[in-house]
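Report on the structure given below.
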Amino acid sequence: MTMKKTVFVVDDNVTNLTMAANALKSHYTVRTIPSGEKTIDLLEKIRPDIFLLDIEMPGMDGFDILRYLKGDERFRSLPVIFLTAKIDFDTEIEALEMGVVDFIGKPFNPAVLLNRIRHHIDINELVRERTFQLHKAREDIIFVLADIVETRDDSTGDHLGRTSRLVKSLLEHLLEKKVYYDQISGWDFDLMAECSLMHDVGKISTPDAILKKPGKLTPEEWVIMKQHTIEGEKIIRKIANRSGENVFLRNAKIFAISHHERWDGGGYPYGLRGYDIPLQGRLMAIADVYDALISKRVYKDAFSPDEALGIMLNEKGTQFDPLLIDMVCEILGK
């Protein structure tokens, strides 16, 4: 038996709540909620499939609830319909730009309300299915390319997995602390962690004699090794040229090309400095170096986590973004 979809109807008018419930209850599980504040509380217990929001309410109005939903990755993709007796052009444009999918006038016709809800839930189901298929295809691409890199550079173990998990943990901590909040509040952290897995994909083009050399690289070999950032960006760009640009590939390119830039401008391939380095690259630089320090290599023993953080603290403001070094020390316990 198929479980009914859940509709949240939020309105401070009891008559409107009753009419909506009567129109929809035969087809959906309807939760009628008289205020924005109670909506937020209920969201911690129940995840609806669609929202009907009154715009004008005391306390939190429809726009306040909409901002909350779009600011939380758990609810960002849920369709939102505004209920309104009247709406001016500017308000309508603002609502559409914020992600509202439709408007239903009040007082509403029950048959029209039911039809519009059914339409948007069906669309959302199709979008979710298509998104799942694209996500699966993306995962397959990541797995194959990452496996090739780690198979060739067999000294790194699960380097890609560990660094991607650290990138996600850092992002979650930044959000909690409101550090770089304006930049990351709209990011999908799971997506960013997946994108970071592609940071070393350019090593596919690095000769084995250099990639697997147990000792120190010569200056000439080091020049070739540094090309993996540019080669990685080229590989991902070729994929984008064939399959079309998307948010995953766009961010994967940034991780690949910028993860060896340094805060003081002494990195590669472009010698970017400070905030000119994309945040993705600054995050990846920290995760990459930390994991390299705590991992055993043929040319060195593993440092302890505290030793690794101590080494990195000495590079605060030179190799690494000072704010990000503070954040990684907080989450890793130094």
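Identifiers in the structure tokens: chain A, B, ... in order shown; residue index from 1 per chain; ligand index from 1 in order shown.
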
message: Can you pull out the residues contacting stretch 282-289 of chain A? Cut-off 7 Å, using only C-alpha atoms, and skip same-chain residues under 5 positions away; I want them as number ranges by chain.
response: A: 163, 166-167, 255, 259-260, 277, 320-321

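When DSSP reads the backbone of this structure, the residues of stretch 36-111 of chain A it assigns to strand (DSSP E or B) are Ile50, Phe51, Leu52, Leu53, Asp54, Val80, Ile81, Phe82, Leu83, Thr84, Asp102, Phe103, Ile104 and Gly105 of chain A.
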
All heavy atoms of the current selection, written as a compact mmCIF listing (two decimals), in the first residue's frame:
# COMPACT_ATOMS: atom_id res chain seq x y z
N ILE A 50 5.01 18.78 0.52
CA ILE A 50 4.70 20.07 -0.10
C ILE A 50 4.16 21.01 0.98
O ILE A 50 3.60 20.57 1.98
CB ILE A 50 3.67 19.90 -1.25
CG1 ILE A 50 3.57 21.16 -2.10
CG2 ILE A 50 2.31 19.46 -0.72
CD1 ILE A 50 2.81 20.96 -3.40
N PHE A 51 4.35 22.32 0.76
CA PHE A 51 3.88 23.34 1.69
C PHE A 51 2.84 24.23 1.02
O PHE A 51 3.01 24.64 -0.13
CB PHE A 51 5.02 24.27 2.13
CG PHE A 51 6.01 23.66 3.07
CD1 PHE A 51 7.08 22.93 2.60
CD2 PHE A 51 5.86 23.82 4.45
CE1 PHE A 51 8.00 22.38 3.47
CE2 PHE A 51 6.77 23.28 5.32
CZ PHE A 51 7.85 22.55 4.84
N LEU A 52 1.79 24.55 1.77
CA LEU A 52 0.88 25.64 1.42
C LEU A 52 1.07 26.70 2.49
O LEU A 52 0.76 26.47 3.67
CB LEU A 52 -0.57 25.16 1.41
CG LEU A 52 -1.03 24.26 0.26
CD1 LEU A 52 -2.43 23.76 0.52
CD2 LEU A 52 -0.98 25.02 -1.05
N LEU A 53 1.58 27.87 2.12
CA LEU A 53 1.90 28.90 3.09
C LEU A 53 1.10 30.17 2.83
O LEU A 53 1.09 30.70 1.72
CB LEU A 53 3.39 29.27 3.02
CG LEU A 53 4.44 28.22 3.36
CD1 LEU A 53 5.83 28.84 3.28
CD2 LEU A 53 4.20 27.64 4.74
N ASP A 54 0.42 30.64 3.89
CA ASP A 54 -0.16 31.97 3.84
C ASP A 54 0.98 32.98 3.90
O ASP A 54 1.97 32.77 4.60
CB ASP A 54 -1.12 32.15 5.02
CG ASP A 54 -1.83 33.49 4.98
OD1 ASP A 54 -2.02 34.03 3.87
OD2 ASP A 54 -2.20 33.98 6.05
N VAL A 80 6.94 24.77 -2.55
CA VAL A 80 6.20 25.70 -1.70
C VAL A 80 5.21 26.47 -2.56
O VAL A 80 5.59 27.06 -3.57
CB VAL A 80 7.14 26.68 -0.98
CG1 VAL A 80 6.33 27.70 -0.18
CG2 VAL A 80 8.11 25.94 -0.07
N ILE A 81 3.93 26.47 -2.13
CA ILE A 81 2.89 27.25 -2.78
C ILE A 81 2.42 28.31 -1.81
O ILE A 81 2.12 28.02 -0.65
CB ILE A 81 1.70 26.35 -3.20
CG1 ILE A 81 2.14 25.31 -4.23
CG2 ILE A 81 0.55 27.19 -3.76
CD1 ILE A 81 1.07 24.29 -4.58
N PHE A 82 2.33 29.55 -2.27
CA PHE A 82 1.82 30.63 -1.43
C PHE A 82 0.30 30.73 -1.56
O PHE A 82 -0.25 30.70 -2.68
CB PHE A 82 2.44 31.96 -1.83
CG PHE A 82 3.69 32.32 -1.05
CD1 PHE A 82 4.45 33.43 -1.43
CD2 PHE A 82 4.10 31.59 0.05
CE1 PHE A 82 5.59 33.79 -0.72
CE2 PHE A 82 5.24 31.93 0.77
CZ PHE A 82 5.98 33.03 0.39
N LEU A 83 -0.38 30.84 -0.41
CA LEU A 83 -1.80 31.14 -0.37
C LEU A 83 -1.94 32.64 -0.12
O LEU A 83 -1.35 33.18 0.81
CB LEU A 83 -2.48 30.39 0.77
CG LEU A 83 -2.50 28.86 0.69
CD1 LEU A 83 -3.00 28.27 2.00
CD2 LEU A 83 -3.38 28.41 -0.47
N THR A 84 -2.72 33.31 -0.95
CA THR A 84 -2.81 34.76 -0.78
C THR A 84 -4.12 35.30 -1.34
O THR A 84 -4.62 34.81 -2.37
CB THR A 84 -1.64 35.47 -1.48
OG1 THR A 84 -1.77 36.87 -1.32
CG2 THR A 84 -1.58 35.11 -2.96
N ASP A 102 4.23 28.22 -7.03
CA ASP A 102 2.88 28.55 -7.49
C ASP A 102 2.21 29.47 -6.47
O ASP A 102 2.69 29.63 -5.34
CB ASP A 102 2.06 27.28 -7.66
CG ASP A 102 0.93 27.43 -8.67
OD1 ASP A 102 0.65 28.58 -9.09
OD2 ASP A 102 0.32 26.41 -9.04
N PHE A 103 1.07 30.06 -6.89
CA PHE A 103 0.24 30.89 -6.03
C PHE A 103 -1.20 30.42 -6.16
O PHE A 103 -1.67 30.12 -7.27
CB PHE A 103 0.32 32.37 -6.43
CG PHE A 103 1.71 32.93 -6.42
CD1 PHE A 103 2.51 32.85 -7.56
CD2 PHE A 103 2.23 33.53 -5.29
CE1 PHE A 103 3.80 33.37 -7.57
CE2 PHE A 103 3.52 34.04 -5.28
CZ PHE A 103 4.30 33.96 -6.42
N ILE A 104 -1.89 30.33 -5.05
CA ILE A 104 -3.31 29.98 -5.06
C ILE A 104 -4.06 31.08 -4.32
O ILE A 104 -3.75 31.39 -3.17
CB ILE A 104 -3.58 28.61 -4.41
CG1 ILE A 104 -2.89 27.50 -5.20
CG2 ILE A 104 -5.08 28.34 -4.31
CD1 ILE A 104 -3.05 26.13 -4.61
N GLY A 105 -5.05 31.67 -5.00
CA GLY A 105 -5.79 32.76 -4.41
C GLY A 105 -6.78 32.31 -3.36
O GLY A 105 -7.30 31.18 -3.40

How close does each residue of stretch 111-198 of chain A get to stretch 215-234 of chain A, giving the shortest atom pair and distance in Å to one decimal for every residue with an atom at most 12 Å away, counting only C-alpha atoms, sorted by chain and residue number, as a tab-separated table?
residue	atom	partner	partner_atom	distance
A:Leu145	CA	A:Gly232	CA	10.7
A:Ala146	CA	A:Gly232	CA	11.6
A:Val149	CA	A:Gly232	CA	11.0
A:Ser196	CA	A:Gly232	CA	11.8
A:Leu197	CA	A:Gly232	CA	11.5
A:Met198	CA	A:Gly232	CA	7.9

Taking C-alpha atoms for each residue, export the selection above as a JSON list (two decimals), in the first residue's frame.
[["chain", "number", "residue", "atom", "x", "y", "z"],
["A", 145, "LEU", "CA", 38.08, 8.06, -11.75],
["A", 146, "ALA", "CA", 38.93, 8.02, -8.04],
["A", 149, "VAL", "CA", 43.90, 7.53, -9.17],
["A", 196, "SER", "CA", 36.45, 17.09, -3.52],
["A", 197, "LEU", "CA", 37.01, 13.43, -4.44],
["A", 198, "MET", "CA", 38.05, 14.68, -7.88]]

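If you look at atom CA of A:Gly267 and atom CA of A:Leu279, they are 14.7 Å away from each other.
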
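With only C-alpha atoms taken into account, the protein and nucleic acid residues at most 12 Å from A:Leu24 (excluding it and anything under 6 positions from it in its own chain) are Lys4, Lys5, Thr6, Val7, Phe8, Val9, Leu17, Thr18, Val30, Arg31, Thr32, Leu52, Asn109, Pro110, Ala111, Val112, Leu113, Leu114, Asn115, Arg116, Ile117 and Arg118 of chain A.
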
Discussion item. With DSSP run on the backbone, what are the alpha helix (DSSP H) residues within stretch 53-300 of chain A? I'd like them as a PyMOL selection string.
Written reply: chain A and resi 62-70+89-98+110-152+159-177+181-184+189-196+208-211+219-226+228-243+247-258+279-294

**Prompt:** Could you name the residues that touch stretch 95-100 of chain A at 12 Å or less, counting only C-alpha atoms, but leaving out those on the same chain fewer than 5 positions away, as a PyMOL selection string?
**Reply:** chain A and resi 50-53+55+62-71+75-84+87-90+120

Restricting the output to C-alpha atoms, write the selected residues as an mmCIF file, in the first residue's frame.
data_model
loop_
_atom_site.group_PDB
_atom_site.id
_atom_site.type_symbol
_atom_site.label_atom_id
_atom_site.label_comp_id
_atom_site.auth_asym_id
_atom_site.auth_seq_id
_atom_site.Cartn_x
_atom_site.Cartn_y
_atom_site.Cartn_z
ATOM 1 C CA ILE A 50 4.699 20.068 -0.099
ATOM 2 C CA PHE A 51 3.879 23.345 1.690
ATOM 3 C CA LEU A 52 0.884 25.637 1.421
ATOM 4 C CA LEU A 53 1.903 28.904 3.088
ATOM 5 C CA ILE A 55 1.931 35.082 3.189
ATOM 6 C CA GLY A 62 5.192 33.193 4.712
ATOM 7 C CA PHE A 63 8.443 34.775 3.536
ATOM 8 C CA ASP A 64 10.101 34.103 6.898
ATOM 9 C CA ILE A 65 9.158 30.422 6.682
ATOM 10 C CA LEU A 66 10.315 30.290 3.061
ATOM 11 C CA ARG A 67 13.725 31.714 4.018
ATOM 12 C CA TYR A 68 14.028 29.112 6.753
ATOM 13 C CA LEU A 69 13.200 26.285 4.328
ATOM 14 C CA LYS A 70 15.620 27.470 1.649
ATOM 15 C CA GLY A 71 18.351 27.904 4.247
ATOM 16 C CA PHE A 75 13.915 21.147 3.103
ATOM 17 C CA ARG A 76 15.414 23.255 0.315
ATOM 18 C CA SER A 77 14.024 21.126 -2.517
ATOM 19 C CA LEU A 78 10.448 20.856 -1.198
ATOM 20 C CA PRO A 79 7.821 22.667 -3.310
ATOM 21 C CA VAL A 80 6.203 25.699 -1.695
ATOM 22 C CA ILE A 81 2.885 27.249 -2.785
ATOM 23 C CA PHE A 82 1.823 30.631 -1.430
ATOM 24 C CA LEU A 83 -1.800 31.144 -0.370
ATOM 25 C CA THR A 84 -2.813 34.760 -0.780
ATOM 26 C CA ILE A 87 -0.376 39.819 -4.404
ATOM 27 C CA ASP A 88 1.400 42.714 -6.079
ATOM 28 C CA PHE A 89 3.871 42.314 -8.918
ATOM 29 C CA ASP A 90 7.017 42.986 -6.850
ATOM 30 C CA HIS A 120 3.176 19.883 -8.090
#

Among A:Leu175, A:Val328, A:Ile123, A:Ile46, A:Lys316 is approached most closely, using only C-alpha atoms, by A:Val328
